[in-house]
file data_18.csv (CSV, C-alpha atoms and all ligand atoms)
chain,number,residue,atom,x,y,z
A,1,MET,CA,-14.9,17.3,18.8
A,2,THR,CA,-18.2,15.4,18.6
A,3,VAL,CA,-17.9,12.0,20.2
A,4,SER,CA,-18.6,8.5,18.8
A,5,ILE,CA,-18.0,9.4,15.1
A,6,LEU,CA,-15.9,7.7,12.5
A,7,TYR,CA,-14.5,10.3,10.1
A,8,VAL,CA,-13.4,9.0,6.7
A,9,VAL,CA,-10.6,11.5,5.8
A,10,SER,CA,-9.2,11.9,2.3
A,11,THR,CA,-5.4,12.6,2.1
A,12,PRO,CA,-3.3,13.9,-0.8
A,13,ILE,CA,-2.5,11.7,-3.8
A,14,GLY,CA,0.8,13.4,-4.3
A,15,ASN,CA,0.6,17.1,-3.5
A,16,LEU,CA,0.6,17.8,0.2
A,17,GLU,CA,-1.2,21.1,-0.4
A,18,ASP,CA,-4.3,19.0,-1.1
A,19,LEU,CA,-4.9,18.1,2.5
A,20,THR,CA,-7.8,20.4,3.4
A,21,PRO,CA,-7.8,22.5,6.5
A,22,ARG,CA,-10.9,20.6,7.7
A,23,ALA,CA,-8.9,17.3,7.3
A,24,VAL,CA,-6.0,18.7,9.3
A,25,GLU,CA,-8.4,19.9,12.1
A,26,THR,CA,-10.2,16.5,12.1
A,27,LEU,CA,-6.9,14.6,12.3
A,28,LYS,CA,-5.7,16.8,15.2
A,29,LYS,CA,-8.9,16.5,17.2
A,30,VAL,CA,-9.9,12.9,17.0
A,31,ASP,CA,-8.8,10.4,19.7
A,32,LEU,CA,-7.3,8.0,17.3
A,33,ILE,CA,-6.3,7.7,13.6
A,34,ALA,CA,-6.8,4.3,11.9
A,35,ALA,CA,-4.2,4.3,9.2
A,36,GLU,CA,-3.5,1.8,6.4
A,37,ASP,CA,0.3,2.1,7.1
A,38,THR,CA,1.3,4.1,10.2
A,39,ARG,CA,4.9,4.6,9.0
A,40,HIS,CA,3.8,6.0,5.6
A,41,SER,CA,1.2,8.3,7.2
A,42,GLY,CA,3.7,9.3,9.9
A,43,ARG,CA,5.4,11.6,7.3
A,44,LEU,CA,2.1,13.4,6.6
A,45,MET,CA,1.4,13.8,10.3
A,46,GLN,CA,4.8,15.2,10.9
A,47,HIS,CA,4.5,17.7,8.0
A,48,PHE,CA,1.2,19.0,9.5
A,49,ALA,CA,2.3,18.7,13.2
A,50,ILE,CA,-0.4,16.2,14.0
A,51,SER,CA,0.4,14.1,17.0
A,52,THR,CA,-2.8,12.0,17.4
A,53,PRO,CA,-2.1,8.3,18.2
A,54,MET,CA,-2.3,6.0,15.2
A,55,LEU,CA,-3.5,2.3,14.8
A,56,ALA,CA,-2.7,0.2,11.8
A,57,VAL,CA,-5.9,-0.9,9.9
A,58,HIS,CA,-5.0,-2.7,6.7
A,59,ASP,CA,-6.4,-5.5,4.5
A,60,HIS,CA,-5.0,-8.2,6.8
A,61,ASN,CA,-6.3,-7.1,10.1
A,62,GLU,CA,-9.3,-4.9,9.2
A,63,ARG,CA,-12.1,-7.2,10.3
A,64,GLN,CA,-10.6,-7.8,13.7
A,65,ARG,CA,-9.6,-4.2,14.2
A,66,ALA,CA,-13.1,-3.1,13.3
A,67,GLN,CA,-14.5,-4.7,16.4
A,68,ILE,CA,-11.9,-2.9,18.6
A,69,LEU,CA,-12.7,0.4,16.9
A,70,VAL,CA,-16.5,0.0,17.3
A,71,GLU,CA,-15.8,-0.6,21.0
A,72,LYS,CA,-13.8,2.6,21.2
A,73,LEU,CA,-16.7,4.5,19.6
A,74,SER,CA,-19.1,3.0,22.2
A,75,GLN,CA,-16.8,4.5,24.8
A,76,GLY,CA,-17.4,7.9,23.3
A,77,GLN,CA,-14.1,8.2,21.4
A,78,SER,CA,-13.9,9.7,17.9
A,79,ILE,CA,-11.8,8.1,15.1
A,80,ALA,CA,-10.4,9.2,11.7
A,81,LEU,CA,-9.8,6.6,9.0
A,82,ILE,CA,-7.1,7.4,6.4
A,83,SER,CA,-5.3,5.3,3.7
A,84,ASP,CA,-1.9,5.8,2.2
A,85,ALA,CA,-3.3,8.2,-0.4
A,86,GLY,CA,-6.6,9.6,-1.6
A,87,THR,CA,-10.0,8.5,-0.4
A,88,PRO,CA,-10.1,5.5,1.9
A,89,LEU,CA,-12.2,2.5,0.6
A,90,ILE,CA,-11.5,3.5,-3.1
A,91,SER,CA,-9.2,0.5,-4.0
A,92,ASP,CA,-8.1,0.8,-0.3
A,93,PRO,CA,-9.0,-0.7,3.0
A,94,GLY,CA,-12.0,0.6,5.1
A,95,TYR,CA,-15.0,-1.2,3.8
A,96,HIS,CA,-15.3,-3.7,6.7
A,97,LEU,CA,-14.7,-0.9,9.2
A,98,VAL,CA,-17.3,1.5,7.8
A,99,SER,CA,-19.9,-1.3,7.5
A,100,ALA,CA,-19.3,-2.5,11.0
A,101,VAL,CA,-19.5,1.1,12.4
A,102,ARG,CA,-22.7,1.8,10.5
A,103,GLU,CA,-24.2,-1.5,11.6
A,104,ALA,CA,-23.4,-0.7,15.2
A,105,GLY,CA,-25.4,2.6,14.7
A,106,TYR,CA,-22.6,5.1,14.9
A,107,LYS,CA,-22.2,8.1,12.5
A,108,VAL,CA,-19.7,7.9,9.6
A,109,VAL,CA,-18.7,11.4,8.3
A,110,PRO,CA,-16.8,12.0,5.1
A,111,VAL,CA,-14.0,14.6,5.2
A,112,VAL,CA,-13.7,14.9,1.4
A,113,GLY,CA,-10.6,15.5,-0.7
A,114,ALA,CA,-8.4,13.9,-3.3
A,115,CYS,CA,-9.4,10.8,-5.3
A,116,ALA,CA,-7.3,9.8,-8.3
A,117,LEU,CA,-10.3,8.3,-10.3
A,118,ILE,CA,-12.4,11.5,-10.0
A,119,ALA,CA,-9.4,13.8,-10.6
A,120,ALA,CA,-8.5,11.8,-13.8
A,121,LEU,CA,-12.1,11.7,-15.0
A,122,SER,CA,-12.5,15.4,-14.6
A,123,VAL,CA,-9.6,16.2,-16.9
A,124,SER,CA,-9.9,13.3,-19.4
A,125,GLY,CA,-12.3,14.9,-21.9
A,126,LEU,CA,-14.3,11.7,-21.9
A,127,ALA,CA,-18.0,11.5,-21.1
A,128,THR,CA,-18.7,11.8,-17.4
A,129,ASP,CA,-22.4,11.5,-17.3
A,130,ARG,CA,-22.1,7.8,-16.8
A,131,PHE,CA,-18.9,5.9,-15.9
A,132,SER,CA,-17.8,2.7,-14.2
A,133,PHE,CA,-14.8,2.2,-12.0
A,134,TYR,CA,-13.1,-1.2,-11.9
A,135,GLY,CA,-10.1,-0.6,-9.7
A,136,PHE,CA,-7.1,-2.8,-10.8
A,137,LEU,CA,-7.6,-5.4,-13.5
A,138,PRO,CA,-6.1,-8.9,-13.0
A,139,SER,CA,-2.3,-8.8,-13.0
A,140,LYS,CA,-2.0,-11.8,-15.5
A,141,SER,CA,-2.6,-11.1,-19.1
A,142,SER,CA,-5.2,-13.9,-19.5
A,143,GLY,CA,-7.4,-12.6,-16.7
A,144,ARG,CA,-7.0,-9.0,-17.9
A,145,THR,CA,-7.8,-9.8,-21.5
A,146,GLN,CA,-10.9,-11.8,-20.4
A,147,LYS,CA,-12.1,-8.8,-18.3
A,148,LEU,CA,-11.5,-6.4,-21.1
A,149,GLN,CA,-13.5,-8.7,-23.5
A,150,GLN,CA,-16.4,-8.5,-21.1
A,151,LEU,CA,-16.2,-4.7,-21.1
A,152,ALA,CA,-15.6,-4.3,-24.9
A,153,LYS,CA,-19.3,-3.4,-25.5
A,154,VAL,CA,-19.9,-1.2,-22.5
A,155,THR,CA,-21.1,2.2,-23.9
A,156,HIS,CA,-20.0,4.4,-21.0
A,157,THR,CA,-16.6,5.6,-19.8
A,158,GLN,CA,-14.5,2.9,-17.9
A,159,VAL,CA,-11.9,3.9,-15.3
A,160,PHE,CA,-9.1,1.7,-14.0
A,161,TYR,CA,-6.1,2.0,-11.7
A,162,GLU,CA,-2.8,0.5,-13.0
A,163,SER,CA,0.7,0.1,-11.7
A,164,PRO,CA,3.8,1.2,-13.6
A,165,HIS,CA,4.9,-2.5,-13.9
A,166,ARG,CA,1.8,-3.3,-16.0
A,167,ILE,CA,0.9,-0.1,-17.8
A,168,VAL,CA,2.5,-1.2,-21.1
A,169,ALA,CA,0.9,-4.6,-21.0
A,170,MET,CA,-2.5,-3.2,-20.1
A,171,VAL,CA,-2.5,-0.7,-23.0
A,172,SER,CA,-1.4,-3.4,-25.4
A,173,ASP,CA,-4.3,-5.6,-24.2
A,174,ILE,CA,-6.7,-2.7,-24.7
A,175,VAL,CA,-5.4,-2.3,-28.3
A,176,LEU,CA,-5.8,-6.1,-28.9
A,177,VAL,CA,-9.3,-6.5,-27.4
A,178,MET,CA,-11.0,-3.1,-28.0
A,179,GLY,CA,-9.2,-2.2,-31.2
A,180,SER,CA,-6.6,0.4,-32.2
A,181,HIS,CA,-9.1,3.2,-32.7
A,182,ARG,CA,-10.8,3.1,-29.3
A,183,GLN,CA,-10.1,6.4,-27.5
A,184,ILE,CA,-8.2,6.0,-24.2
A,185,VAL,CA,-6.6,8.5,-21.8
A,186,LEU,CA,-3.7,7.9,-19.4
A,187,ALA,CA,-3.6,10.2,-16.3
A,188,ARG,CA,-0.2,9.8,-14.8
A,189,GLU,CA,1.3,11.2,-11.6
A,190,LEU,CA,-1.7,13.4,-10.9
A,191,THR,CA,-0.9,16.5,-8.7
A,192,LYS,CA,2.8,15.7,-8.8
A,193,THR,CA,5.8,17.2,-10.6
A,194,PHE,CA,5.6,14.9,-13.7
A,195,GLU,CA,1.8,15.0,-14.0
A,196,THR,CA,0.9,14.0,-17.6
A,197,ILE,CA,-2.5,13.5,-19.2
A,198,TYR,CA,-2.3,11.9,-22.6
A,199,GLY,CA,-5.1,10.6,-24.7
A,200,GLY,CA,-5.9,9.5,-28.2
A,201,PRO,CA,-6.7,6.3,-30.2
A,202,ALA,CA,-5.4,3.3,-28.2
A,203,ALA,CA,-2.6,2.5,-30.8
A,204,ASP,CA,-1.3,6.1,-30.7
A,205,VAL,CA,-1.2,6.1,-26.9
A,206,GLN,CA,0.6,2.7,-27.0
A,207,ALA,CA,3.2,4.1,-29.5
A,208,TRP,CA,3.7,7.2,-27.3
A,209,LEU,CA,4.2,5.1,-24.2
A,210,LEU,CA,6.7,2.7,-25.8
A,211,ALA,CA,8.7,5.7,-27.3
A,212,ASP,CA,9.5,7.2,-23.9
A,213,HIS,CA,10.4,5.1,-20.8
A,214,ASN,CA,9.9,8.0,-18.5
A,215,GLN,CA,6.2,8.0,-19.4
A,216,GLN,CA,5.9,4.4,-18.1
A,217,LYS,CA,6.9,5.4,-14.5
A,218,GLY,CA,4.7,6.5,-11.6
A,219,GLU,CA,1.0,6.0,-10.8
A,220,PHE,CA,-1.7,5.7,-13.5
A,221,VAL,CA,-5.4,6.1,-14.0
A,222,VAL,CA,-6.5,4.5,-17.3
A,223,LEU,CA,-9.7,5.6,-18.9
A,224,ILE,CA,-11.4,4.0,-21.9
A,225,GLU,CA,-14.1,5.7,-23.9
A,226,GLY,CA,-17.4,3.8,-24.1
A,227,ALA,CA,-18.0,1.7,-27.3
A,228,GLU,CA,-19.8,3.5,-30.0
A,229,GLU,CA,-23.0,2.2,-31.7
A,230,GLU,CA,-21.2,0.8,-34.7
A,231,GLN,CA,-18.5,-0.9,-32.5
A,232,LEU,CA,-21.3,-2.8,-30.8
A,233,HIS,CA,-21.7,-4.8,-34.0
A,234,ASP,CA,-18.0,-5.5,-34.4
A,235,ILE,CA,-17.0,-9.1,-34.2
A,236,GLY,CA,-14.8,-9.6,-31.2
A,237,PRO,CA,-11.6,-11.7,-31.0
A,238,GLU,CA,-13.4,-14.5,-29.1
A,239,GLU,CA,-16.2,-14.7,-31.7
A,240,GLU,CA,-13.6,-14.6,-34.5
A,241,ARG,CA,-11.6,-17.4,-32.9
A,242,MET,CA,-14.7,-19.6,-32.6
A,243,LEU,CA,-15.7,-18.9,-36.1
A,244,THR,CA,-12.3,-19.8,-37.4
A,245,LEU,CA,-12.2,-23.1,-35.5
A,246,LEU,CA,-15.7,-24.0,-36.8
A,247,LEU,CA,-14.8,-23.0,-40.3
A,248,ALA,CA,-12.0,-25.6,-40.3
A,249,GLU,CA,-14.6,-28.3,-39.8
A,250,LEU,CA,-17.9,-27.1,-41.2
A,251,PRO,CA,-19.4,-25.2,-44.2
A,252,ILE,CA,-19.6,-21.4,-43.9
A,253,LYS,CA,-23.3,-21.3,-43.3
A,254,LYS,CA,-23.3,-23.9,-40.5
A,255,ALA,CA,-20.2,-22.3,-38.9
A,256,ALA,CA,-21.8,-18.8,-38.9
A,257,ALA,CA,-25.1,-20.2,-37.5
A,258,ILE,CA,-23.4,-22.1,-34.6
A,259,THR,CA,-21.2,-19.1,-33.7
A,260,ALA,CA,-24.4,-16.9,-33.8
A,261,SER,CA,-26.3,-19.1,-31.5
A,262,ILE,CA,-23.5,-19.4,-29.0
A,263,THR,CA,-22.4,-15.7,-29.0
A,264,GLY,CA,-25.8,-14.0,-29.7
A,265,HIS,CA,-24.0,-12.1,-32.5
A,266,LYS,CA,-25.8,-11.4,-35.8
A,267,LYS,CA,-25.7,-14.4,-38.2
A,268,LYS,CA,-25.4,-12.2,-41.3
A,269,ALA,CA,-22.3,-10.3,-39.9
A,270,LEU,CA,-20.7,-13.7,-39.0
A,271,TYR,CA,-21.5,-15.1,-42.4
A,272,ASP,CA,-19.9,-12.1,-44.2
A,273,ARG,CA,-16.8,-12.3,-41.9
A,274,ALA,CA,-16.5,-16.1,-42.6
A,275,LEU,CA,-16.5,-15.3,-46.4
A,276,GLU,CA,-13.7,-12.8,-45.8
A,277,LEU,CA,-11.7,-15.3,-43.6
A,278,GLN,CA,-12.0,-17.8,-46.4
A,279,GLY,CA,-10.9,-15.2,-48.9
A,280,LYS,CA,-14.2,-15.4,-50.9
A,301,LIG,N1,-7.6,5.6,-2.5
A,301,LIG,C1,-6.8,6.1,-3.7
A,301,LIG,C2,-7.7,7.2,-4.4
A,301,LIG,O1,-8.6,7.7,-3.8
A,301,LIG,O2,-7.5,7.4,-5.6
A,301,LIG,C3,-6.4,5.0,-4.6
A,301,LIG,C4,-5.5,4.0,-3.9
A,301,LIG,S1,-5.0,2.7,-5.0
A,301,LIG,C5,-4.2,1.6,-3.8
A,301,LIG,C6,-3.5,3.4,-5.7
A,301,LIG,C7,-3.7,3.6,-7.2
A,301,LIG,O3,-4.4,4.8,-7.4
A,301,LIG,C8,-2.4,3.8,-7.9
A,301,LIG,O4,-1.8,2.5,-8.3
A,301,LIG,C9,-2.8,4.5,-9.2
A,301,LIG,O5,-3.4,3.6,-10.1
A,301,LIG,C10,-3.9,5.4,-8.6
A,301,LIG,N2,-3.3,6.7,-8.2
A,301,LIG,C11,-3.1,7.1,-6.9
A,301,LIG,N3,-2.5,8.3,-6.9
A,301,LIG,C12,-2.3,8.7,-8.2
A,301,LIG,C13,-1.8,9.8,-8.8
A,301,LIG,N4,-1.2,10.8,-8.2
A,301,LIG,N5,-1.8,9.8,-10.2
A,301,LIG,C14,-2.4,8.8,-10.9
A,301,LIG,N6,-2.9,7.7,-10.3
A,301,LIG,C15,-2.9,7.6,-9.0
call {"tool": "encode", "arguments": {"input": "data_18.csv", "output": "C-alpha cells"}}
result
Amino acid sequence: MTVSILYVVSTPIGNLEDLTPRAVETLKKVDLIAAEDTRHSGRLMQHFAISTPMLAVHDHNERQRAQILVEKLSQGQSIALISDAGTPLISDPGYHLVSAVREAGYKVVPVVGACALIAALSVSGLATDRFSFYGFLPSKSSGRTQKLQQLAKVTHTQVFYESPHRIVAMVSDIVLVMGSHRQIVLARELTKTFETIYGGPAADVQAWLLADHNQQKGEFVVLIEGAEEEQLHDIGPEEERMLTLLLAELPIKKAAAITASITGHKKKALYDRALELQGK
C-alpha cells in the first residue's frame, strides 16, 4: 500500500453488499482505520474479516485526533477514514481531519461508494441538474419553519436528511410553509428490506405518512422540488402575517405599501391579497 495517504472510504448505508471490493482491500491494507464509532464499525469489519486496528474519530475529538493522524502520515503510515454509514463528511465527521491532512501536504484519496443523498436524488424523479443539500434541518419546529421559509423560493431541488422522530413534523412544516401542492419525495430505508420511495404533492405525502405508522420508521432522505415561476410570486405566510397585522391598524393601501417595502414583494399583489383578507 502506498504510504502517507488518507483514504476516505464510503461504507454501506444498509446493504452490506454495497461495500466495494476496493474498499475492502483498502481497509485491509491500511495501517489504521479512523472510525466514527469503532464498536459500530467492528461489525462491518468482522463481516469482511478485516483486522486492521481502529481509532475513534468523532465530532468530539476530531480536531485533537487530526494532529495525531497527521503525525502518523508523516511517519509513512496510511490511514482509512470511515463513518457509521455512507460517505464520511456528508453529515458525518471528517471535515477537520481532511482539511488538516491536505494542509499538511499529504494526499487524500476517495474510495467511493454509497451516499444516501445521491442515491435518493437518483431515484426521486426530481430535477438533478441543480440541487442543494442542507443535511438535517433544526430539530425545533420554529427553527425548521424559519429555514423552510428561507428556502421557499429556491428554484432547484432541495435535499435533506431527517430522523424518524421528526419526519411527520417536518412534512407538516413543508405543507405549511411551501404549500400543499409542492412536490416532495421521501426516500426511506434505502438499500434495506423496507426501502420505499414515495412522492407527490406535499399534502398527499403527509396523508400517506399519517395513514401508516410503519412508513414513519427508519431513515429518511426528504427531497423538495424547486419552486415554479408562478410560486415565486405567491405571498408567503410571513408576508401574510405582516400584512394582516398592519391591516388592523392602517388603511389597505398603506398596509400593502409598507409590507411591500419591507419584504420586497409586489405592492399590487399585496394590495389584492389585502382586499381578499378584508373580504372586499
Ligand atoms: N454519511 C451518510 C451518507 O453518506 O449518506 C449520512 C450520515 S447522516 C448521520 C445519517 C442520515 O442519512 C440518516 O438520518 C438519514 O437521514 C440518511 N440516511 C442514511 N442511510 C439512509 C438510508 N439507508 N435510507 C435513507 N436515508 C438514509
call {"tool": "residues_around", "arguments": {"input": "data_18.csv", "residues": "Ser172 (chain A)", "least_positions_apart": "2", "cutoff": "10 Å", "atoms": "only C-alpha atoms", "output": "count of residues only"}}
result
18
call {"tool": "closest_residue", "arguments": {"input": "data_18.csv", "among": "A:Asp18, A:Asp59, A:Glu36, A:Glu219", "to": "ligand LIG 301 (chain A)", "atoms": "all atoms listed in the file"}}
result
A:Glu219
call {"tool": "residues_near_ligand", "arguments": {"input": "data_18.csv", "ligand": "ligand LIG 301 (chain A)", "cutoff": "8 Å", "atoms": "all atoms listed in the file", "output": "ChimeraX atom specification"}}
result
/A:10,13-14,83-92,114-118,120,135-136,160-164,187-192,195,218-222
call {"tool": "residues_around", "arguments": {"input": "data_18.csv", "residues": "Val70 (chain A)", "least_positions_apart": "6", "cutoff": "12 Å", "atoms": "all atoms listed in the file", "output": "PDB file with C-alpha atoms, keeping the file's coordinate frame"}}
result
ATOM      1  CA  SER A   4     -18.600   8.500  18.800  1.00  0.00           C
ATOM      2  CA  ILE A   5     -18.000   9.400  15.100  1.00  0.00           C
ATOM      3  CA  LEU A   6     -15.900   7.700  12.500  1.00  0.00           C
ATOM      4  CA  ALA A  34      -6.800   4.300  11.900  1.00  0.00           C
ATOM      5  CA  GLU A  62      -9.300  -4.900   9.200  1.00  0.00           C
ATOM      6  CA  ARG A  63     -12.100  -7.200  10.300  1.00  0.00           C
ATOM      7  CA  GLN A  64     -10.600  -7.800  13.700  1.00  0.00           C
ATOM      8  CA  GLY A  76     -17.400   7.900  23.300  1.00  0.00           C
ATOM      9  CA  GLN A  77     -14.100   8.200  21.400  1.00  0.00           C
ATOM     10  CA  SER A  78     -13.900   9.700  17.900  1.00  0.00           C
ATOM     11  CA  ILE A  79     -11.800   8.100  15.100  1.00  0.00           C
ATOM     12  CA  HIS A  96     -15.300  -3.700   6.700  1.00  0.00           C
ATOM     13  CA  LEU A  97     -14.700  -0.900   9.200  1.00  0.00           C
ATOM     14  CA  VAL A  98     -17.300   1.500   7.800  1.00  0.00           C
ATOM     15  CA  SER A  99     -19.900  -1.300   7.500  1.00  0.00           C
ATOM     16  CA  ALA A 100     -19.300  -2.500  11.000  1.00  0.00           C
ATOM     17  CA  VAL A 101     -19.500   1.100  12.400  1.00  0.00           C
ATOM     18  CA  ARG A 102     -22.700   1.800  10.500  1.00  0.00           C
ATOM     19  CA  GLU A 103     -24.200  -1.500  11.600  1.00  0.00           C
ATOM     20  CA  ALA A 104     -23.400  -0.700  15.200  1.00  0.00           C
ATOM     21  CA  GLY A 105     -25.400   2.600  14.700  1.00  0.00           C
ATOM     22  CA  TYR A 106     -22.600   5.100  14.900  1.00  0.00           C
ATOM     23  CA  LYS A 107     -22.200   8.100  12.500  1.00  0.00           C
ATOM     24  CA  VAL A 108     -19.700   7.900   9.600  1.00  0.00           C
TER      25      VAL A 108
END
call {"tool": "residues_around", "arguments": {"input": "data_18.csv", "residues": "Leu243 (chain A)", "least_positions_apart": "6", "cutoff": "9 Å", "atoms": "all atoms listed in the file", "output": "list in words"}}
result
Ala255, Ala256, Ile258, Thr259, Leu270, Arg273 and Ala274 of chain A
call {"tool": "closest_residue", "arguments": {"input": "data_18.csv", "among": "A:Arg241, A:Lys254, A:His165, A:His58", "to": "Ser139 (chain A)", "atoms": "all atoms listed in the file"}}
result
A:His165
call {"tool": "residues_around", "arguments": {"input": "data_18.csv", "residues": "Asp272 (chain A)", "least_positions_apart": "3", "cutoff": "12 Å", "atoms": "all atoms listed in the file", "output": "number ranges by chain"}}
result
A: 234-235, 240, 243, 252-253, 255-257, 266-269, 275-280
call {"tool": "decode", "arguments": {"input": "data_18.csv", "residues": "region 133-222 of chain A", "atoms": "C-alpha atoms", "output": "PDB file, in the first residue's frame"}}
result
ATOM      1  CA  PHE A 133     -28.099  19.632   0.166  1.00  0.00           C
ATOM      2  CA  TYR A 134     -28.910  21.009   3.620  1.00  0.00           C
ATOM      3  CA  GLY A 135     -28.266  17.988   5.871  1.00  0.00           C
ATOM      4  CA  PHE A 136     -30.581  17.995   8.904  1.00  0.00           C
ATOM      5  CA  LEU A 137     -32.935  20.933   9.494  1.00  0.00           C
ATOM      6  CA  PRO A 138     -33.153  22.366  13.038  1.00  0.00           C
ATOM      7  CA  SER A 139     -34.919  19.949  15.373  1.00  0.00           C
ATOM      8  CA  LYS A 140     -37.324  22.553  16.825  1.00  0.00           C
ATOM      9  CA  SER A 141     -40.331  23.492  14.715  1.00  0.00           C
ATOM     10  CA  SER A 142     -39.641  27.259  14.956  1.00  0.00           C
ATOM     11  CA  GLY A 143     -36.103  26.897  13.578  1.00  0.00           C
ATOM     12  CA  ARG A 144     -37.209  24.405  10.947  1.00  0.00           C
ATOM     13  CA  THR A 145     -40.068  26.610   9.752  1.00  0.00           C
ATOM     14  CA  GLN A 146     -37.765  29.618   9.553  1.00  0.00           C
ATOM     15  CA  LYS A 147     -35.251  27.692   7.423  1.00  0.00           C
ATOM     16  CA  LEU A 148     -38.009  26.375   5.149  1.00  0.00           C
ATOM     17  CA  GLN A 149     -39.295  29.932   4.715  1.00  0.00           C
ATOM     18  CA  GLN A 150     -35.842  30.996   3.533  1.00  0.00           C
ATOM     19  CA  LEU A 151     -35.905  28.133   1.023  1.00  0.00           C
ATOM     20  CA  ALA A 152     -39.484  28.550  -0.211  1.00  0.00           C
ATOM     21  CA  LYS A 153     -38.415  30.419  -3.333  1.00  0.00           C
ATOM     22  CA  VAL A 154     -35.380  28.343  -4.242  1.00  0.00           C
ATOM     23  CA  THR A 155     -35.971  27.106  -7.795  1.00  0.00           C
ATOM     24  CA  HIS A 156     -33.863  23.951  -7.722  1.00  0.00           C
ATOM     25  CA  THR A 157     -34.238  20.616  -5.920  1.00  0.00           C
ATOM     26  CA  GLN A 158     -33.521  20.681  -2.175  1.00  0.00           C
ATOM     27  CA  VAL A 159     -32.332  17.588  -0.319  1.00  0.00           C
ATOM     28  CA  PHE A 160     -32.455  16.970   3.458  1.00  0.00           C
ATOM     29  CA  TYR A 161     -31.765  14.193   5.923  1.00  0.00           C
ATOM     30  CA  GLU A 162     -34.368  13.517   8.596  1.00  0.00           C
ATOM     31  CA  SER A 163     -34.769  11.185  11.552  1.00  0.00           C
ATOM     32  CA  PRO A 164     -37.877   9.018  12.134  1.00  0.00           C
ATOM     33  CA  HIS A 165     -38.731  11.074  15.267  1.00  0.00           C
ATOM     34  CA  ARG A 166     -39.256  14.219  13.227  1.00  0.00           C
ATOM     35  CA  ILE A 167     -40.354  13.031   9.794  1.00  0.00           C
ATOM     36  CA  VAL A 168     -44.075  13.705  10.415  1.00  0.00           C
ATOM     37  CA  ALA A 169     -43.356  17.174  11.865  1.00  0.00           C
ATOM     38  CA  MET A 170     -41.018  18.055   9.007  1.00  0.00           C
ATOM     39  CA  VAL A 171     -43.501  17.067   6.305  1.00  0.00           C
ATOM     40  CA  SER A 172     -46.256  19.038   8.023  1.00  0.00           C
ATOM     41  CA  ASP A 173     -43.965  22.100   8.188  1.00  0.00           C
ATOM     42  CA  ILE A 174     -43.277  21.714   4.451  1.00  0.00           C
ATOM     43  CA  VAL A 175     -47.049  21.698   3.756  1.00  0.00           C
ATOM     44  CA  LEU A 176     -47.470  24.775   5.951  1.00  0.00           C
ATOM     45  CA  VAL A 177     -44.611  26.813   4.505  1.00  0.00           C
ATOM     46  CA  MET A 178     -44.309  25.642   0.902  1.00  0.00           C
ATOM     47  CA  GLY A 179     -47.967  24.788   0.316  1.00  0.00           C
ATOM     48  CA  SER A 180     -49.893  21.559  -0.142  1.00  0.00           C
ATOM     49  CA  HIS A 181     -49.143  21.346  -3.884  1.00  0.00           C
ATOM     50  CA  ARG A 182     -45.345  21.429  -3.720  1.00  0.00           C
ATOM     51  CA  GLN A 183     -43.956  18.099  -4.992  1.00  0.00           C
ATOM     52  CA  ILE A 184     -41.893  16.220  -2.436  1.00  0.00           C
ATOM     53  CA  VAL A 185     -40.301  12.779  -2.325  1.00  0.00           C
ATOM     54  CA  LEU A 186     -39.479  10.632   0.715  1.00  0.00           C
ATOM     55  CA  ALA A 187     -36.714   8.073   0.240  1.00  0.00           C
ATOM     56  CA  ARG A 188     -36.900   5.710   3.193  1.00  0.00           C
ATOM     57  CA  GLU A 189     -34.621   2.835   4.259  1.00  0.00           C
ATOM     58  CA  LEU A 190     -32.595   2.930   1.028  1.00  0.00           C
ATOM     59  CA  THR A 191     -30.893  -0.370   0.113  1.00  0.00           C
ATOM     60  CA  LYS A 192     -32.665  -2.108   3.023  1.00  0.00           C
ATOM     61  CA  THR A 193     -35.582  -4.562   3.223  1.00  0.00           C
ATOM     62  CA  PHE A 194     -38.257  -1.890   3.648  1.00  0.00           C
ATOM     63  CA  GLU A 195     -36.917   0.536   1.082  1.00  0.00           C
ATOM     64  CA  THR A 196     -39.723   2.870  -0.010  1.00  0.00           C
ATOM     65  CA  ILE A 197     -39.647   5.810  -2.374  1.00  0.00           C
ATOM     66  CA  TYR A 198     -42.860   7.801  -2.264  1.00  0.00           C
ATOM     67  CA  GLY A 199     -43.549  11.146  -3.890  1.00  0.00           C
ATOM     68  CA  GLY A 200     -46.382  13.512  -4.775  1.00  0.00           C
ATOM     69  CA  PRO A 201     -47.924  16.824  -3.683  1.00  0.00           C
ATOM     70  CA  ALA A 202     -46.804  17.568  -0.097  1.00  0.00           C
ATOM     71  CA  ALA A 203     -50.336  17.186   1.350  1.00  0.00           C
ATOM     72  CA  ASP A 204     -50.759  13.735  -0.277  1.00  0.00           C
ATOM     73  CA  VAL A 205     -47.403  12.556   1.056  1.00  0.00           C
ATOM     74  CA  GLN A 206     -48.397  13.846   4.512  1.00  0.00           C
ATOM     75  CA  ALA A 207     -51.694  11.922   4.380  1.00  0.00           C
ATOM     76  CA  TRP A 208     -49.895   8.758   3.231  1.00  0.00           C
ATOM     77  CA  LEU A 209     -47.356   9.075   6.047  1.00  0.00           C
ATOM     78  CA  LEU A 210     -50.027   9.650   8.713  1.00  0.00           C
ATOM     79  CA  ALA A 211     -52.100   6.711   7.460  1.00  0.00           C
ATOM     80  CA  ASP A 212     -49.368   4.137   8.067  1.00  0.00           C
ATOM     81  CA  HIS A 213     -47.151   4.153  11.179  1.00  0.00           C
ATOM     82  CA  ASN A 214     -44.756   1.706   9.568  1.00  0.00           C
ATOM     83  CA  GLN A 215     -43.874   4.304   6.951  1.00  0.00           C
ATOM     84  CA  GLN A 216     -42.707   6.660   9.714  1.00  0.00           C
ATOM     85  CA  LYS A 217     -39.935   4.293  10.795  1.00  0.00           C
ATOM     86  CA  GLY A 218     -36.318   4.086   9.677  1.00  0.00           C
ATOM     87  CA  GLU A 219     -34.005   6.519   7.924  1.00  0.00           C
ATOM     88  CA  PHE A 220     -35.194   9.204   5.527  1.00  0.00           C
ATOM     89  CA  VAL A 221     -33.994  11.470   2.793  1.00  0.00           C
ATOM     90  CA  VAL A 222     -36.525  14.220   2.033  1.00  0.00           C
TER      91      VAL A 222
END
